[in-house]
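Written out below as structure tokens is the structure these notes cover.
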Amino acid sequence: TSNDVPQYRQPVEAFVAAHTGDVRVIDIGGSKESGRDRIRRAVAEGPVDAVFAVGAQAAWISREVLPDVPLTFAMVIDWQRYGLGANASGISVELPVDALLTRFKLLLPNLRRLGIITSDQASSMTLADAGAAAAELGIELVREAVSASEDVPGAYRRIRSTIDALWMIPDPVVVTHDNFRYLANRTLYDDVAFLAFSENFVRAGALLSVSPDYATMGSQAAALIDRMVATKAAS
């Protein structure tokens with residue numbers, strides 16, 4: 001796992017319960033250097049038949065250290081850009097944007113202008129798909145770009161009077177603890193619907209989310225790992 005966070009624990013726990021073999025859980029702690037060391041130490045303790053990587057950093061480092069070991073990943077945003085190789089498979093964390101916006105529109109029928117704060121770390125595919133899907137639904141996307149996490153409050157203030165809702169997409173620059181708390185409080189005060197990408201954010205103050213079931217992602221990953229290991233053994 002890239003870090004010990006609640007969103008990562010659910011797929012890991014489900015994977016451990018569903019997988020048929022022995023599992024060693026390694027938290028790389030958000031560090032490339034310590035992550036490489038911890039994976040190498042795990043390999044030294046015994047053979048590794050496959051890797052289940054939870055989070056982008058875990059996936060990228062696992063592939064770097066163990067390039068020939070079958071890899072399954074989850075919770076990797078915009079996974080295509082990491083070049084994880086032919087012997088990798090995974091479960092996408094991103095739901096189809098048109099399905100997300102359709103559900104937002106069903107729940108908020110008066111939604112006309114949807115704000116979104118992004119950095120260059122946001123998925124370009126998500127943004128492109130969002131523009132097309134929003135146009136189909138008669139929604140105008142009001143996008144405000146930031147280059148650093150501390151720019152988010154100012155970006156929201158610039159658009160708050162022109163939007164009906166604010167959509168927080170997975171973006172490591174924008175989505176920090178301080179920014180979430182600020183946006184949750186300010187949107188409530190401004191009567192702007194706050195739409196998130198995880199039910200954990202709804203528990204913490206967002207209005208609603210449409211998100212994948214993280215536990216199901218873990219059990220799906222276990223099935224993928226078992227299949228990949230069996231295929232490799234047969235070849």
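The chains in the structure tokens are called A, B, ... from first to last as shown; in each chain the residues are counted from 1, and the ligands are counted from 1 in the order shown.
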_Show me, as a PyMOL selection string, the residues that have an atom within 12 Å of segment 77-81 of chain A when counting only C-alpha atoms, minus same-chain residues fewer than 4 positions from it._
chain A and resi 53-60+72-73+85-86+88-95+121-127+169-172+197
_Neighbour list for Ile28 of chain A as a ChimeraX atom specification, cut-off 12 Å, only C-alpha atoms, skip fewer than 3 positions in-chain_ = /A:1-5,25,31-42,53-62
Kindly save the residues from that selection, with N, CA and C atoms included, as a short mmCIF file (atom, residue, chain, number, x, y, z; two decimals), in the first residue's frame.
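After the write, out00.cif holds the following:
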data_model
loop_
_atom_site.label_atom_id
_atom_site.label_comp_id
_atom_site.auth_asym_id
_atom_site.auth_seq_id
_atom_site.Cartn_x
_atom_site.Cartn_y
_atom_site.Cartn_z
N THR A 1 0.85 -1.19 0.00
CA THR A 1 0.00 0.00 0.00
C THR A 1 0.89 1.24 0.00
N SER A 2 0.36 2.32 -0.65
CA SER A 2 1.12 3.57 -0.70
C SER A 2 1.15 4.25 0.66
N ASN A 3 0.06 4.13 1.41
CA ASN A 3 -0.05 4.74 2.74
C ASN A 3 -1.09 3.98 3.54
N ASP A 4 -1.06 4.18 4.85
CA ASP A 4 -2.07 3.58 5.72
C ASP A 4 -3.22 4.57 5.88
N VAL A 5 -4.18 4.53 4.94
CA VAL A 5 -5.34 5.41 4.98
C VAL A 5 -6.59 4.56 4.86
N VAL A 25 1.61 -7.85 3.99
CA VAL A 25 1.18 -6.48 3.73
C VAL A 25 2.34 -5.54 4.04
N SER A 31 6.85 6.93 0.73
CA SER A 31 8.24 7.25 0.42
C SER A 31 8.79 6.28 -0.62
N LYS A 32 9.35 6.82 -1.69
CA LYS A 32 9.93 5.97 -2.73
C LYS A 32 11.12 5.19 -2.19
N GLU A 33 11.99 5.87 -1.43
CA GLU A 33 13.20 5.23 -0.94
C GLU A 33 12.90 4.12 0.05
N SER A 34 12.10 4.43 1.06
CA SER A 34 11.77 3.39 2.05
C SER A 34 10.90 2.32 1.42
N GLY A 35 10.07 2.71 0.44
CA GLY A 35 9.23 1.73 -0.24
C GLY A 35 10.06 0.69 -0.97
N ARG A 36 11.08 1.14 -1.69
CA ARG A 36 11.96 0.19 -2.38
C ARG A 36 12.63 -0.75 -1.38
N ASP A 37 13.13 -0.19 -0.27
CA ASP A 37 13.81 -1.00 0.74
C ASP A 37 12.87 -2.03 1.35
N ARG A 38 11.65 -1.62 1.67
CA ARG A 38 10.71 -2.53 2.32
C ARG A 38 10.29 -3.66 1.38
N ILE A 39 10.12 -3.35 0.11
CA ILE A 39 9.78 -4.41 -0.85
C ILE A 39 10.94 -5.38 -1.02
N ARG A 40 12.15 -4.85 -1.11
CA ARG A 40 13.32 -5.73 -1.26
C ARG A 40 13.51 -6.62 -0.04
N ARG A 41 13.25 -6.08 1.15
CA ARG A 41 13.36 -6.89 2.36
C ARG A 41 12.32 -8.00 2.37
N ALA A 42 11.12 -7.69 1.89
CA ALA A 42 10.07 -8.71 1.83
C ALA A 42 10.45 -9.83 0.86
N ALA A 53 -0.91 -4.08 -5.58
CA ALA A 53 -0.49 -2.74 -5.20
C ALA A 53 -1.71 -1.84 -5.05
N VAL A 54 -1.81 -1.18 -3.90
CA VAL A 54 -2.93 -0.29 -3.62
C VAL A 54 -2.40 1.14 -3.57
N GLY A 55 -2.77 1.92 -4.57
CA GLY A 55 -2.26 3.28 -4.69
C GLY A 55 -1.20 3.38 -5.78
N ALA A 56 -1.10 4.56 -6.37
CA ALA A 56 -0.20 4.76 -7.52
C ALA A 56 1.26 4.55 -7.15
N GLN A 57 1.68 5.09 -6.02
CA GLN A 57 3.09 4.97 -5.66
C GLN A 57 3.48 3.52 -5.41
N ALA A 58 2.61 2.78 -4.75
CA ALA A 58 2.88 1.36 -4.51
C ALA A 58 2.98 0.60 -5.83
N ALA A 59 2.10 0.91 -6.77
CA ALA A 59 2.12 0.22 -8.06
C ALA A 59 3.40 0.52 -8.82
N TRP A 60 3.77 1.79 -8.88
CA TRP A 60 4.95 2.20 -9.65
C TRP A 60 6.23 1.61 -9.06
N ILE A 61 6.37 1.67 -7.73
CA ILE A 61 7.58 1.14 -7.09
C ILE A 61 7.63 -0.38 -7.18
N SER A 62 6.49 -1.03 -7.03
CA SER A 62 6.45 -2.49 -7.16
C SER A 62 6.90 -2.93 -8.55
#
*Please run DSSP on the backbone and report, as a ChimeraX atom specification, all residues within segment 10-174 of chain A that come out as helix (DSSP H, G or I).*
/A:10-18,32-45,56-65,79-82,97-107,124-136,149-162
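Interatomic distance, atom CA of Met75 of chain A to atom CA of Arg143 of chain A: 24.4 Å.
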*asked:* Using only C-alpha atoms, can you tell me which of A:Val51, A:Ala134, A:Leu101, A:Ile159 comes closest to Leu195 of chain A?
replied: A:Leu101
